[in-house]
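The structure file query.tsv is reproduced below (TSV, C-alpha atoms).
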chain	number	residue	atom	x	y	z
A	256	MET	CA	14.83	0.04	-27.95
A	257	PRO	CA	17.67	0.67	-25.45
A	258	ARG	CA	18.31	-2.19	-23.07
A	259	PRO	CA	17.83	-1.90	-19.29
A	260	THR	CA	20.88	-1.05	-17.23
A	261	GLY	CA	22.68	-3.48	-14.93
A	262	ASP	CA	21.23	-1.74	-11.89
A	263	VAL	CA	18.01	-3.75	-12.31
A	264	GLN	CA	17.79	-7.23	-10.77
A	265	ALA	CA	15.16	-9.92	-11.25
A	266	PHE	CA	13.01	-10.66	-8.20
A	267	GLU	CA	10.63	-13.44	-7.23
A	268	ALA	CA	7.98	-13.31	-4.53
A	269	HIS	CA	7.99	-16.23	-2.12
A	270	ALA	CA	6.66	-16.12	1.42
A	271	THR	CA	7.98	-18.72	3.83
A	272	ASP	CA	5.69	-21.50	5.01
A	273	ALA	CA	6.36	-20.29	8.55
A	274	ASP	CA	4.95	-16.84	7.74
A	275	LEU	CA	1.81	-18.33	6.19
A	276	ASP	CA	1.37	-20.69	9.15
A	277	ASP	CA	1.76	-17.75	11.54
A	278	LEU	CA	-0.90	-15.82	9.63
A	279	ARG	CA	-3.39	-18.68	9.89
A	280	ALA	CA	-2.63	-19.11	13.59
A	281	ARG	CA	-3.24	-15.42	14.25
A	282	LEU	CA	-6.51	-15.55	12.33
A	283	ALA	CA	-7.65	-18.57	14.36
A	284	ALA	CA	-6.80	-16.84	17.65
A	285	ALA	CA	-8.32	-13.44	16.78
A	286	ARG	CA	-10.38	-11.63	19.43
A	287	LEU	CA	-13.37	-9.90	17.85
A	288	PRO	CA	-15.73	-7.24	19.22
A	289	GLU	CA	-19.47	-7.61	19.47
A	290	ALA	CA	-21.64	-6.89	16.44
A	291	GLU	CA	-22.39	-3.36	15.33
A	292	THR	CA	-25.57	-1.71	16.64
A	293	VAL	CA	-26.99	-0.58	13.28
A	294	TYR	CA	-29.02	-2.24	10.52
A	295	ARG	CA	-28.02	-5.86	10.05
A	296	ALA	CA	-30.23	-7.33	7.32
A	297	ALA	CA	-28.43	-7.68	3.98
A	298	PRO	CA	-28.45	-6.28	1.40
A	299	ASP	CA	-28.40	-2.77	2.85
A	300	PRO	CA	-25.55	-0.25	2.61
A	301	ARG	CA	-26.54	1.11	6.02
A	302	ARG	CA	-25.09	-2.08	7.54
A	303	TRP	CA	-21.67	-0.44	7.09
A	304	GLU	CA	-22.47	2.81	8.93
A	305	GLN	CA	-20.25	1.87	11.89
A	306	GLY	CA	-17.63	0.15	9.75
A	307	VAL	CA	-17.16	-3.44	8.59
A	308	PRO	CA	-20.08	-5.57	9.86
A	309	LEU	CA	-19.04	-8.43	12.12
A	310	ALA	CA	-20.74	-11.13	10.03
A	311	ASP	CA	-18.97	-10.01	6.86
A	312	LEU	CA	-15.60	-9.87	8.60
A	313	VAL	CA	-16.01	-13.33	10.13
A	314	ASP	CA	-16.85	-14.74	6.71
A	315	VAL	CA	-13.75	-13.25	5.09
A	316	VAL	CA	-11.47	-14.22	7.99
A	317	ASN	CA	-12.65	-17.83	7.80
A	318	TYR	CA	-12.01	-17.91	4.06
A	319	TRP	CA	-8.61	-16.25	4.49
A	320	ARG	CA	-7.63	-18.94	7.00
A	321	THR	CA	-9.02	-22.04	5.26
A	322	GLY	CA	-9.61	-21.34	1.57
A	323	TYR	CA	-7.45	-18.54	0.27
A	324	ASN	CA	-4.34	-19.48	-1.77
A	325	TRP	CA	-1.51	-16.92	-1.56
A	326	ARG	CA	0.77	-19.07	-3.73
A	327	SER	CA	-1.53	-18.49	-6.71
A	328	PHE	CA	-1.00	-14.73	-6.46
A	329	GLU	CA	2.76	-15.17	-6.08
A	330	GLU	CA	2.79	-17.26	-9.25
A	331	ARG	CA	0.91	-14.55	-11.17
A	332	LEU	CA	3.38	-11.89	-10.06
A	333	ASN	CA	6.31	-14.08	-11.04
A	334	ARG	CA	4.80	-14.82	-14.46
A	335	ILE	CA	4.34	-11.12	-15.22
A	336	GLY	CA	7.96	-10.39	-14.30
A	337	GLN	CA	9.24	-8.77	-11.11
A	338	PHE	CA	12.35	-6.69	-10.57
A	339	ARG	CA	14.05	-4.42	-8.05
A	340	THR	CA	16.43	-1.52	-8.37
A	341	THR	CA	17.88	1.02	-5.93
A	342	ILE	CA	17.09	4.72	-6.37
A	343	ASP	CA	18.30	7.33	-3.87
A	344	ASP	CA	19.41	4.51	-1.55
A	345	LEU	CA	15.92	2.96	-1.51
A	346	GLY	CA	15.07	-0.40	-3.05
A	347	ILE	CA	12.15	-0.11	-5.49
A	348	HIS	CA	10.16	-3.14	-6.58
A	349	PHE	CA	8.21	-3.20	-9.84
A	350	LEU	CA	6.41	-5.38	-12.34
A	351	HIS	CA	7.61	-5.15	-15.94
A	352	ARG	CA	5.59	-6.75	-18.72
A	353	ARG	CA	7.03	-6.08	-22.17
A	354	SER	CA	4.71	-6.26	-25.16
A	355	ALA	CA	5.38	-8.46	-28.17
A	356	ARG	CA	4.21	-5.62	-30.42
A	357	ALA	CA	6.89	-3.55	-32.17
A	358	ASP	CA	4.75	-0.42	-31.92
A	359	ALA	CA	4.19	-0.68	-28.15
A	360	THR	CA	4.51	2.44	-25.97
A	361	PRO	CA	6.10	2.40	-22.50
A	362	LEU	CA	3.40	2.87	-19.84
A	363	LEU	CA	4.00	3.57	-16.16
A	364	MET	CA	1.07	2.68	-13.87
A	365	THR	CA	1.03	3.87	-10.26
A	366	HIS	CA	-1.25	2.50	-7.54
A	367	GLY	CA	-2.42	4.17	-4.33
A	368	TRP	CA	-3.60	3.26	-0.83
A	369	PRO	CA	-5.06	0.90	0.40
A	370	ASP	CA	-4.32	-0.93	-2.81
A	371	SER	CA	-1.01	-2.05	-4.26
A	372	ILE	CA	0.36	-3.59	-7.43
A	373	ALA	CA	-2.64	-5.94	-7.04
A	374	ARG	CA	-4.72	-3.02	-8.39
A	375	PHE	CA	-3.46	-3.77	-11.92
A	376	ILE	CA	-2.94	-7.53	-11.82
A	377	ASP	CA	-6.00	-8.26	-13.99
A	378	VAL	CA	-5.22	-5.73	-16.73
A	379	VAL	CA	-1.47	-5.94	-17.35
A	380	ASP	CA	-1.57	-8.76	-19.92
A	381	GLU	CA	-4.35	-7.20	-22.00
A	382	LEU	CA	-2.59	-3.84	-22.03
A	383	ALA	CA	0.67	-5.44	-23.14
A	384	ASP	CA	-0.79	-7.74	-25.79
A	385	PRO	CA	-4.37	-6.69	-26.56
A	386	LYS	CA	-6.69	-9.14	-28.27
A	387	ASP	CA	-7.83	-6.33	-30.57
A	388	ALA	CA	-5.02	-5.76	-33.08
A	389	ASP	CA	-6.20	-2.18	-33.57
A	390	ALA	CA	-5.88	-1.31	-29.87
A	391	PRO	CA	-2.65	0.30	-28.68
A	392	ALA	CA	-0.13	-1.93	-26.92
A	393	PHE	CA	2.15	-1.03	-24.03
A	394	HIS	CA	5.32	-2.09	-22.27
A	395	VAL	CA	3.77	-1.99	-18.78
A	396	VAL	CA	5.74	-0.96	-15.68
A	397	VAL	CA	3.98	-1.10	-12.29
A	398	PRO	CA	6.17	0.03	-9.36
A	399	SER	CA	5.37	-0.55	-5.69
A	400	LEU	CA	5.33	2.79	-3.91
A	401	PRO	CA	8.07	3.34	-1.29
A	402	GLY	CA	6.94	1.63	1.91
A	403	PHE	CA	4.50	-0.61	0.01
A	404	GLY	CA	4.82	-4.28	-0.89
A	405	TYR	CA	8.30	-5.41	-1.87
A	406	SER	CA	9.74	-1.90	-2.11
A	407	ASP	CA	11.91	-0.82	0.81
A	408	LYS	CA	10.55	1.18	3.72
A	409	PRO	CA	12.03	4.70	3.90
A	410	ALA	CA	14.02	5.20	7.10
A	411	THR	CA	13.83	9.00	6.91
A	412	THR	CA	11.24	11.58	5.98
A	413	GLY	CA	11.13	13.07	2.50
A	414	TRP	CA	9.63	10.31	0.35
A	415	GLY	CA	6.57	12.30	-0.70
A	416	THR	CA	4.90	12.49	-4.10
A	417	GLU	CA	7.45	14.91	-5.58
A	418	LYS	CA	10.40	12.64	-4.77
A	419	ILE	CA	8.48	9.56	-5.90
A	420	ALA	CA	7.73	11.17	-9.27
A	421	ALA	CA	11.42	11.95	-9.76
A	422	ALA	CA	12.29	8.36	-8.82
A	423	TRP	CA	9.82	7.05	-11.41
A	424	VAL	CA	11.58	9.05	-14.14
A	425	GLU	CA	14.87	7.50	-13.06
A	426	LEU	CA	13.28	4.03	-13.00
A	427	MET	CA	11.88	4.34	-16.52
A	428	GLY	CA	15.21	5.62	-17.78
A	429	ARG	CA	16.98	2.57	-16.37
A	430	LEU	CA	14.57	0.40	-18.34
A	431	GLY	CA	15.42	2.25	-21.54
A	432	TYR	CA	12.25	4.33	-21.61
A	433	SER	CA	13.28	7.98	-21.87
A	434	LYS	CA	9.72	8.92	-22.87
A	435	PHE	CA	6.59	7.19	-21.65
A	436	ALA	CA	2.88	7.51	-20.94
A	437	ALA	CA	1.61	7.36	-17.37
A	438	HIS	CA	-1.57	6.32	-15.59
A	439	GLY	CA	-2.60	6.54	-11.96
A	440	GLY	CA	-5.49	6.49	-9.54
A	441	ASP	CA	-5.69	7.62	-5.89
A	442	TRP	CA	-2.11	8.52	-4.80
A	443	GLY	CA	-1.05	7.21	-8.19
A	444	GLY	CA	-3.17	9.90	-9.81
A	445	ASN	CA	-1.51	12.55	-7.68
A	446	ILE	CA	1.95	11.24	-8.57
A	447	THR	CA	1.01	11.02	-12.26
A	448	THR	CA	-0.03	14.69	-12.16
A	449	VAL	CA	3.31	15.62	-10.58
A	450	LEU	CA	5.16	13.54	-13.18
A	451	ALA	CA	3.43	15.32	-16.05
A	452	GLY	CA	3.83	18.77	-14.51
A	453	ARG	CA	7.46	18.45	-13.43
A	454	PHE	CA	8.89	16.22	-16.16
A	455	PRO	CA	7.08	17.03	-19.44
A	456	ALA	CA	10.18	16.20	-21.49
A	457	HIS	CA	9.82	12.55	-20.40
A	458	VAL	CA	6.02	12.19	-20.25
A	459	LEU	CA	4.18	11.71	-23.54
A	460	GLY	CA	0.87	12.21	-21.78
A	461	ILE	CA	-1.23	10.86	-18.97
A	462	HIS	CA	-4.47	9.10	-18.13
A	463	THR	CA	-5.84	9.48	-14.62
A	464	THR	CA	-8.94	8.60	-12.65
A	465	PHE	CA	-7.95	11.11	-9.97
A	466	ALA	CA	-7.75	14.66	-11.29
A	467	GLU	CA	-7.28	17.58	-8.91
A	468	GLY	CA	-8.07	21.17	-9.81
A	469	PRO	CA	-6.23	24.08	-8.17
A	470	PRO	CA	-7.67	25.30	-4.84
A	471	GLY	CA	-10.00	28.25	-4.51
A	472	LEU	CA	-12.19	27.67	-7.57
A	473	THR	CA	-15.88	28.58	-7.37
A	474	THR	CA	-18.91	26.56	-8.41
A	475	ASP	CA	-20.04	29.31	-10.78
A	476	GLY	CA	-20.75	27.85	-14.19
A	477	LEU	CA	-20.82	24.22	-13.04
A	478	THR	CA	-23.63	21.92	-14.11
A	479	ALA	CA	-26.05	20.52	-11.52
A	480	VAL	CA	-24.20	17.19	-11.67
A	481	GLU	CA	-20.83	18.86	-11.16
A	482	ARG	CA	-22.17	20.86	-8.22
A	483	LYS	CA	-23.36	17.60	-6.68
A	484	TRP	CA	-19.85	16.19	-7.13
A	485	THR	CA	-18.36	19.08	-5.17
A	486	GLU	CA	-20.92	18.62	-2.40
A	487	GLU	CA	-20.20	14.88	-2.18
A	488	THR	CA	-16.45	15.49	-2.07
A	489	ARG	CA	-16.87	18.13	0.64
A	490	ASP	CA	-19.04	15.72	2.66
A	491	PHE	CA	-16.46	12.97	2.27
A	492	TRP	CA	-13.63	15.08	3.65
A	493	ARG	CA	-15.75	16.45	6.48
A	494	HIS	CA	-17.35	13.25	7.69
A	495	ARG	CA	-15.67	10.13	6.27
A	496	ALA	CA	-11.94	10.87	6.10
A	497	ALA	CA	-10.83	9.95	9.64
A	498	TYR	CA	-8.51	7.31	8.16
A	499	ALA	CA	-6.62	9.97	6.17
A	500	LYS	CA	-6.30	12.32	9.12
A	501	GLN	CA	-5.04	9.47	11.30
A	502	GLN	CA	-2.44	8.38	8.76
A	503	ALA	CA	-1.40	11.97	7.98
A	504	THR	CA	-0.81	12.81	11.66
A	505	ARG	CA	-0.13	9.55	13.54
A	506	PRO	CA	0.83	6.80	11.08
A	507	GLN	CA	3.09	5.13	13.62
A	508	THR	CA	0.27	4.72	16.14
A	509	ILE	CA	-2.16	3.01	13.79
A	510	GLY	CA	0.79	1.11	12.30
A	511	TYR	CA	1.23	-1.04	15.41
A	512	SER	CA	-2.24	-2.50	14.95
A	513	LEU	CA	-1.87	-2.91	11.20
A	514	VAL	CA	1.41	-4.81	11.49
A	515	ASP	CA	0.48	-6.90	14.55
A	516	SER	CA	-3.11	-7.94	13.77
A	517	PRO	CA	-4.15	-9.42	10.41
A	518	VAL	CA	-7.82	-8.96	11.35
A	519	GLY	CA	-7.19	-5.31	12.20
A	520	LEU	CA	-5.38	-4.84	8.88
A	521	LEU	CA	-8.17	-6.56	6.97
A	522	ALA	CA	-10.89	-4.44	8.59
A	523	TRP	CA	-8.95	-1.18	8.01
A	524	ILE	CA	-8.56	-1.95	4.29
A	525	LEU	CA	-11.89	-3.71	3.67
A	526	ASP	CA	-13.75	-0.68	5.02
A	527	LYS	CA	-12.33	1.40	2.14
A	528	PHE	CA	-13.01	-1.21	-0.52
A	529	ALA	CA	-16.62	-1.26	0.68
A	530	GLU	CA	-17.18	2.49	0.82
A	531	TRP	CA	-15.35	3.33	-2.39
A	532	SER	CA	-16.74	0.62	-4.70
A	533	ASP	CA	-19.77	0.95	-6.96
A	534	THR	CA	-21.90	-1.54	-5.03
A	535	GLU	CA	-25.13	-1.56	-3.06
A	536	ASP	CA	-24.02	-3.54	-0.03
A	537	SER	CA	-20.66	-5.29	-0.21
A	538	PRO	CA	-17.44	-4.79	-2.21
A	539	PHE	CA	-17.61	-8.46	-3.12
A	540	GLU	CA	-20.45	-7.67	-5.51
A	541	THR	CA	-17.76	-6.52	-7.97
A	542	ILE	CA	-14.37	-7.50	-6.50
A	543	SER	CA	-13.58	-11.10	-5.59
A	544	ARG	CA	-12.56	-12.08	-2.07
A	545	ASP	CA	-9.36	-13.48	-3.57
A	546	ARG	CA	-8.36	-10.16	-5.10
A	547	VAL	CA	-9.04	-8.22	-1.89
A	548	LEU	CA	-7.08	-10.82	0.08
A	549	ASP	CA	-4.21	-10.70	-2.43
A	550	ASP	CA	-3.92	-7.02	-1.57
A	551	VAL	CA	-4.32	-7.42	2.20
A	552	THR	CA	-1.97	-10.42	2.39
A	553	LEU	CA	0.70	-8.49	0.50
A	554	TYR	CA	0.49	-5.76	3.16
A	555	TRP	CA	0.59	-8.40	5.90
A	556	LEU	CA	3.54	-10.46	4.68
A	557	THR	CA	5.65	-7.38	3.94
A	558	ARG	CA	4.68	-5.71	7.26
A	559	THR	CA	3.92	-2.45	5.50
A	560	GLY	CA	0.86	-1.25	7.42
A	561	ALA	CA	2.80	1.58	9.06
A	562	SER	CA	5.23	2.41	6.25
A	563	SER	CA	2.46	2.63	3.63
A	564	ALA	CA	0.39	4.91	5.87
A	565	ARG	CA	3.26	7.39	5.96
A	566	ILE	CA	2.56	8.56	2.42
A	567	TYR	CA	-0.25	10.57	4.03
A	568	TYR	CA	2.18	12.05	6.53
A	569	GLU	CA	4.54	12.97	3.70
A	570	SER	CA	2.10	14.29	1.13
A	571	HIS	CA	-1.46	14.85	2.39
A	572	ASN	CA	-2.78	18.07	0.77
A	573	SER	CA	0.70	18.82	-0.58
A	574	LEU	CA	0.03	19.09	-4.32
A	575	ASP	CA	1.55	22.39	-5.49
A	576	PRO	CA	-1.38	24.78	-6.18
A	577	GLU	CA	0.66	26.38	-8.97
A	578	LEU	CA	1.48	23.10	-10.73
A	579	ARG	CA	0.13	22.94	-14.28
A	580	VAL	CA	0.10	20.03	-16.73
A	581	ASP	CA	0.70	20.93	-20.36
A	582	VAL	CA	1.15	17.43	-21.82
A	583	PRO	CA	-1.92	15.74	-23.37
A	584	SER	CA	-4.20	14.37	-20.65
A	585	ALA	CA	-7.07	11.88	-20.64
A	586	ILE	CA	-9.24	11.98	-17.54
A	587	THR	CA	-12.00	9.60	-16.44
A	588	MET	CA	-14.38	10.31	-13.56
A	589	TYR	CA	-16.02	7.11	-12.36
A	590	PRO	CA	-19.48	7.80	-10.87
A	591	ARG	CA	-19.00	6.16	-7.48
A	592	ASP	CA	-15.49	7.40	-6.79
A	593	VAL	CA	-15.16	9.31	-3.53
A	594	GLU	CA	-13.63	12.40	-5.16
A	595	LYS	CA	-14.73	13.68	-8.56
A	596	CYS	CA	-13.33	16.81	-10.16
A	597	PRO	CA	-15.61	18.90	-12.42
A	598	ARG	CA	-14.17	19.36	-15.88
A	599	PRO	CA	-13.99	23.19	-15.65
A	600	TRP	CA	-11.90	22.81	-12.50
A	601	ALA	CA	-9.69	20.14	-14.08
A	602	GLN	CA	-9.06	22.39	-17.09
A	603	GLU	CA	-7.47	24.96	-14.80
A	604	ARG	CA	-4.64	22.52	-14.06
A	605	TYR	CA	-4.61	20.13	-17.02
A	606	ARG	CA	-4.23	22.48	-19.98
A	607	GLN	CA	-4.60	19.94	-22.79
A	608	ILE	CA	-7.43	17.53	-22.00
A	609	VAL	CA	-7.79	15.37	-25.12
A	610	ARG	CA	-10.41	12.98	-23.74
A	611	TRP	CA	-12.89	13.14	-20.85
A	612	GLY	CA	-14.45	9.84	-19.78
A	613	SER	CA	-17.78	9.69	-17.91
A	614	PRO	CA	-18.71	6.01	-17.49
A	615	GLU	CA	-22.05	4.91	-16.12
A	616	TYR	CA	-20.61	2.58	-13.48
A	617	GLY	CA	-17.44	2.00	-11.49
A	618	GLY	CA	-15.89	3.34	-8.32
A	619	HIS	CA	-12.45	4.05	-6.88
A	620	PHE	CA	-10.88	0.76	-8.01
A	621	PRO	CA	-12.09	0.44	-11.62
A	622	SER	CA	-9.28	-1.88	-12.71
A	623	LEU	CA	-10.56	-4.35	-10.09
A	624	GLU	CA	-14.29	-3.60	-10.30
A	625	VAL	CA	-14.74	-3.34	-14.08
A	626	PRO	CA	-11.40	-4.48	-15.57
A	627	GLU	CA	-12.66	-4.94	-19.15
A	628	TYR	CA	-14.21	-1.48	-19.23
A	629	PHE	CA	-11.15	0.03	-17.53
A	630	VAL	CA	-8.81	-1.44	-20.15
A	631	LYS	CA	-10.96	-0.12	-23.00
A	632	ASP	CA	-11.19	3.32	-21.42
A	633	LEU	CA	-7.45	3.42	-20.78
A	634	GLN	CA	-6.65	2.27	-24.31
A	635	GLU	CA	-8.91	4.92	-25.83
A	636	GLY	CA	-7.61	7.63	-23.52
A	637	LEU	CA	-3.98	6.88	-24.21
A	638	ALA	CA	-4.67	6.52	-27.96
A	639	ALA	CA	-5.94	10.11	-27.86
A	640	VAL	CA	-2.87	11.16	-25.88
A	641	LEU	CA	-0.48	9.54	-28.35
A	642	ALA	CA	-2.35	11.00	-31.32
A	643	ALA	CA	-1.90	14.47	-29.83
A	644	ASN	CA	1.86	13.87	-29.86
A	645	ARG	CA	2.00	13.21	-33.58

Any chance you could put this one into structure tokens?
Amino acid sequence: MPRPTGDVQAFEAHATDADLDDLRARLAAARLPEAETVYRAAPDPRRWEQGVPLADLVDVVNYWRTGYNWRSFEERLNRIGQFRTTIDDLGIHFLHRRSARADATPLLMTHGWPDSIARFIDVVDELADPKDADAPAFHVVVPSLPGFGYSDKPATTGWGTEKIAAAWVELMGRLGYSKFAAHGGDWGGNITTVLAGRFPAHVLGIHTTFAEGPPGLTTDGLTAVERKWTEETRDFWRHRAAYAKQQATRPQTIGYSLVDSPVGLLAWILDKFAEWSDTEDSPFETISRDRVLDDVTLYWLTRTGASSARIYYESHNSLDPELRVDVPSAITMYPRDVEKCPRPWAQERYRQIVRWGSPEYGGHFPSLEVPEYFVKDLQEGLAAVLAANR
């Protein structure tokens, strides 16, 4: 295996005590609105019709201020292995966990919004060194998107999904991985599609939980379930996508609140974890408060509320309608995700689907909601991808 180049430097996460003290002080001094005017008795998903219920937010804010331990998350990141490199004049941060297995395959995993590298924190070790000796093993690379986490914030426009995909190829090459598999969800799924379509000589194959068919396809020939998916997706974009339209058109405006107010940042992100998770009332039915706060605190300490929102400004609805993916692809549609692509539509873009996963549970953040199932599904999907390369 070729060795990484000298352009890669080790990195350790360490927030100052002053920054953590400032966060707790801001949480203690927060001004909150009155309670929502809809259903308030839990459990009931209708409690969230106007956004994050006051009682739920107060509970999380109190825990964030008095019980949450950021240092524990920092230690986990540092144990996995963190690095930075500069690509196109922009510093890129990434996790890199090499497997002990000689037959391991390089795997690039890309997160989305409003998550971060925290999306994969619970699955990296098992993917690198699986307990099952018959399961495939991977050298796992998890970059922070430009403007997210410990990656630099772009100072100019242009860092959309196409440029990010090209940067990821450069990143993997610097690590000695000229060919690799790729996984992504949310924006990571979009970027993974671009990677596979634009750089097939470098991409062995992909696994994604966010497939996108070309525009203009009809519902003719779809099953009743698939038709329901299209209706739910259409309803989502018509009635529940104000966050995306705000960030695609005025990321700077919402960014002031997200960088100045930890409670505002928490509410903005928690709303999405609640709506997009496979739960009946609260995201904390499947995702721990600690994991959600790892994600939110990373945004807070790195002041990336505005810069992360700009990925919508750069790339919202920008996937090339003519882009086709010819490398082997494994696709999984989790039942409670907010966007689900019917297989006939997916086949119009992904020309070699070698595995189609249809789990019975899970939402938009499966690696956080159902990590054991997610790992198994990813292992099986990528095993099929690698087999297709033989």

Task: Counting only C-alpha atoms, the option among A:Pro538, A:Gly346, A:Gly617, A:Pro599 closest to Glu481 in chain A - done: A:Pro599

TODO: Within 8 Å of Ile566 in chain A, counting all atoms listed in the file, which residues show up once you throw out same-chain ones fewer than 3 positions away? Write them as an MDAnalysis selection string, please.
DONE: chainID A and resid 414:416 503 562:563 569:571

Task: Shell of 12 Å around Ala280 in chain A, all atoms listed in the file, local chain residues under 4 positions omitted, as a PyMOL selection string - done: chain A and resi 273-276+284-285+316-317+319-321+516-518

Task: Counting only C-alpha atoms, the option among A:Val396, A:Ala496, A:Leu641, A:Ala601 closest to Thr463 in chain A - done: A:Ala601

- [ ] Quick one: everything within 9 Å of His348 in chain A, counting only C-alpha atoms, minus sequence neighbours fewer than 4 positions away in the same chain. Send it as number ranges by chain.
- [x] A: 266, 337-341, 397-401, 404-407

Task: Nearest residue to Thr474 in chain A from the set A:Trp492, A:Phe539, A:Tyr432, A:Trp600 (distances using only C-alpha atoms) - done: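 Under the stated criterion, the closest residue is A:Trp600.
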
Open item on the list: Residues within 12 Å of (-15.6, 9.8, -11.0), file coordinates, counting only C-alpha atoms: what are they? Give the list as a PyMOL selection string.
Closed with: chain A and resi 440-441+463-467+480-481+483-485+487-488+531-533+586-598+611-621

Please rebuild range 299-305 of chain A with all heavy atoms and give the result as a PDB file, in the coordinates of the input.
ATOM      1  N   ASP A 299     -28.067  -4.114   2.380  1.00  0.00           N
ATOM      2  CA  ASP A 299     -28.400  -2.770   2.850  1.00  0.00           C
ATOM      3  C   ASP A 299     -27.111  -2.024   3.141  1.00  0.00           C
ATOM      4  O   ASP A 299     -26.372  -2.417   4.041  1.00  0.00           O
ATOM      5  CB  ASP A 299     -29.267  -2.850   4.114  1.00  0.00           C
ATOM      6  CG  ASP A 299     -29.831  -1.500   4.522  1.00  0.00           C
ATOM      7  OD1 ASP A 299     -29.215  -0.467   4.174  1.00  0.00           O
ATOM      8  OD2 ASP A 299     -30.884  -1.474   5.185  1.00  0.00           O
ATOM      9  N   PRO A 300     -26.821  -0.964   2.383  1.00  0.00           N
ATOM     10  CA  PRO A 300     -25.550  -0.250   2.610  1.00  0.00           C
ATOM     11  C   PRO A 300     -25.447   0.353   4.004  1.00  0.00           C
ATOM     12  O   PRO A 300     -24.349   0.621   4.490  1.00  0.00           O
ATOM     13  CB  PRO A 300     -25.559   0.838   1.529  1.00  0.00           C
ATOM     14  CG  PRO A 300     -26.993   1.003   1.144  1.00  0.00           C
ATOM     15  CD  PRO A 300     -27.604  -0.351   1.303  1.00  0.00           C
ATOM     16  N   ARG A 301     -26.587   0.535   4.676  1.00  0.00           N
ATOM     17  CA  ARG A 301     -26.540   1.110   6.020  1.00  0.00           C
ATOM     18  C   ARG A 301     -25.911   0.154   7.024  1.00  0.00           C
ATOM     19  O   ARG A 301     -25.550   0.565   8.129  1.00  0.00           O
ATOM     20  CB  ARG A 301     -27.962   1.491   6.467  1.00  0.00           C
ATOM     21  CG  ARG A 301     -28.573   2.611   5.633  1.00  0.00           C
ATOM     22  CD  ARG A 301     -30.019   2.849   6.006  1.00  0.00           C
ATOM     23  NE  ARG A 301     -30.830   1.680   5.706  1.00  0.00           N
ATOM     24  CZ  ARG A 301     -32.137   1.593   6.017  1.00  0.00           C
ATOM     25  NH1 ARG A 301     -32.747   2.591   6.627  1.00  0.00           N
ATOM     26  NH2 ARG A 301     -32.809   0.502   5.699  1.00  0.00           N
ATOM     27  N   ARG A 302     -25.754  -1.123   6.647  1.00  0.00           N
ATOM     28  CA  ARG A 302     -25.090  -2.080   7.540  1.00  0.00           C
ATOM     29  C   ARG A 302     -23.657  -1.634   7.852  1.00  0.00           C
ATOM     30  O   ARG A 302     -23.082  -2.020   8.865  1.00  0.00           O
ATOM     31  CB  ARG A 302     -25.036  -3.469   6.899  1.00  0.00           C
ATOM     32  CG  ARG A 302     -26.370  -4.126   6.668  1.00  0.00           C
ATOM     33  CD  ARG A 302     -26.236  -5.581   6.253  1.00  0.00           C
ATOM     34  NE  ARG A 302     -25.295  -5.800   5.163  1.00  0.00           N
ATOM     35  CZ  ARG A 302     -24.154  -6.475   5.280  1.00  0.00           C
ATOM     36  NH1 ARG A 302     -23.786  -6.973   6.439  1.00  0.00           N
ATOM     37  NH2 ARG A 302     -23.367  -6.643   4.230  1.00  0.00           N
ATOM     38  N   TRP A 303     -23.077  -0.823   6.977  1.00  0.00           N
ATOM     39  CA  TRP A 303     -21.670  -0.440   7.090  1.00  0.00           C
ATOM     40  C   TRP A 303     -21.493   0.916   7.776  1.00  0.00           C
ATOM     41  O   TRP A 303     -20.399   1.465   7.785  1.00  0.00           O
ATOM     42  CB  TRP A 303     -21.032  -0.397   5.703  1.00  0.00           C
ATOM     43  CG  TRP A 303     -20.979  -1.732   5.028  1.00  0.00           C
ATOM     44  CD1 TRP A 303     -22.019  -2.411   4.457  1.00  0.00           C
ATOM     45  CD2 TRP A 303     -19.831  -2.570   4.856  1.00  0.00           C
ATOM     46  NE1 TRP A 303     -21.587  -3.614   3.939  1.00  0.00           N
ATOM     47  CE2 TRP A 303     -20.245  -3.728   4.176  1.00  0.00           C
ATOM     48  CE3 TRP A 303     -18.486  -2.435   5.215  1.00  0.00           C
ATOM     49  CZ2 TRP A 303     -19.368  -4.762   3.830  1.00  0.00           C
ATOM     50  CZ3 TRP A 303     -17.612  -3.456   4.873  1.00  0.00           C
ATOM     51  CH2 TRP A 303     -18.047  -4.604   4.202  1.00  0.00           C
ATOM     52  N   GLU A 304     -22.551   1.466   8.363  1.00  0.00           N
ATOM     53  CA  GLU A 304     -22.470   2.810   8.930  1.00  0.00           C
ATOM     54  C   GLU A 304     -21.462   2.917  10.071  1.00  0.00           C
ATOM     55  O   GLU A 304     -20.902   3.986  10.311  1.00  0.00           O
ATOM     56  CB  GLU A 304     -23.843   3.271   9.413  1.00  0.00           C
ATOM     57  CG  GLU A 304     -24.766   3.712   8.285  1.00  0.00           C
ATOM     58  CD  GLU A 304     -26.086   4.251   8.796  1.00  0.00           C
ATOM     59  OE1 GLU A 304     -26.315   4.212  10.029  1.00  0.00           O
ATOM     60  OE2 GLU A 304     -26.890   4.707   7.979  1.00  0.00           O
ATOM     61  N   GLN A 305     -21.235   1.851  10.807  1.00  0.00           N
ATOM     62  CA  GLN A 305     -20.250   1.870  11.890  1.00  0.00           C
ATOM     63  C   GLN A 305     -18.942   1.189  11.494  1.00  0.00           C
ATOM     64  O   GLN A 305     -18.057   1.008  12.328  1.00  0.00           O
ATOM     65  CB  GLN A 305     -20.833   1.205  13.146  1.00  0.00           C
ATOM     66  CG  GLN A 305     -21.971   1.997  13.776  1.00  0.00           C
ATOM     67  CD  GLN A 305     -22.505   1.341  15.038  1.00  0.00           C
ATOM     68  OE1 GLN A 305     -22.057   0.270  15.447  1.00  0.00           O
ATOM     69  NE2 GLN A 305     -23.481   1.992  15.657  1.00  0.00           N
TER      70      GLN A 305
END
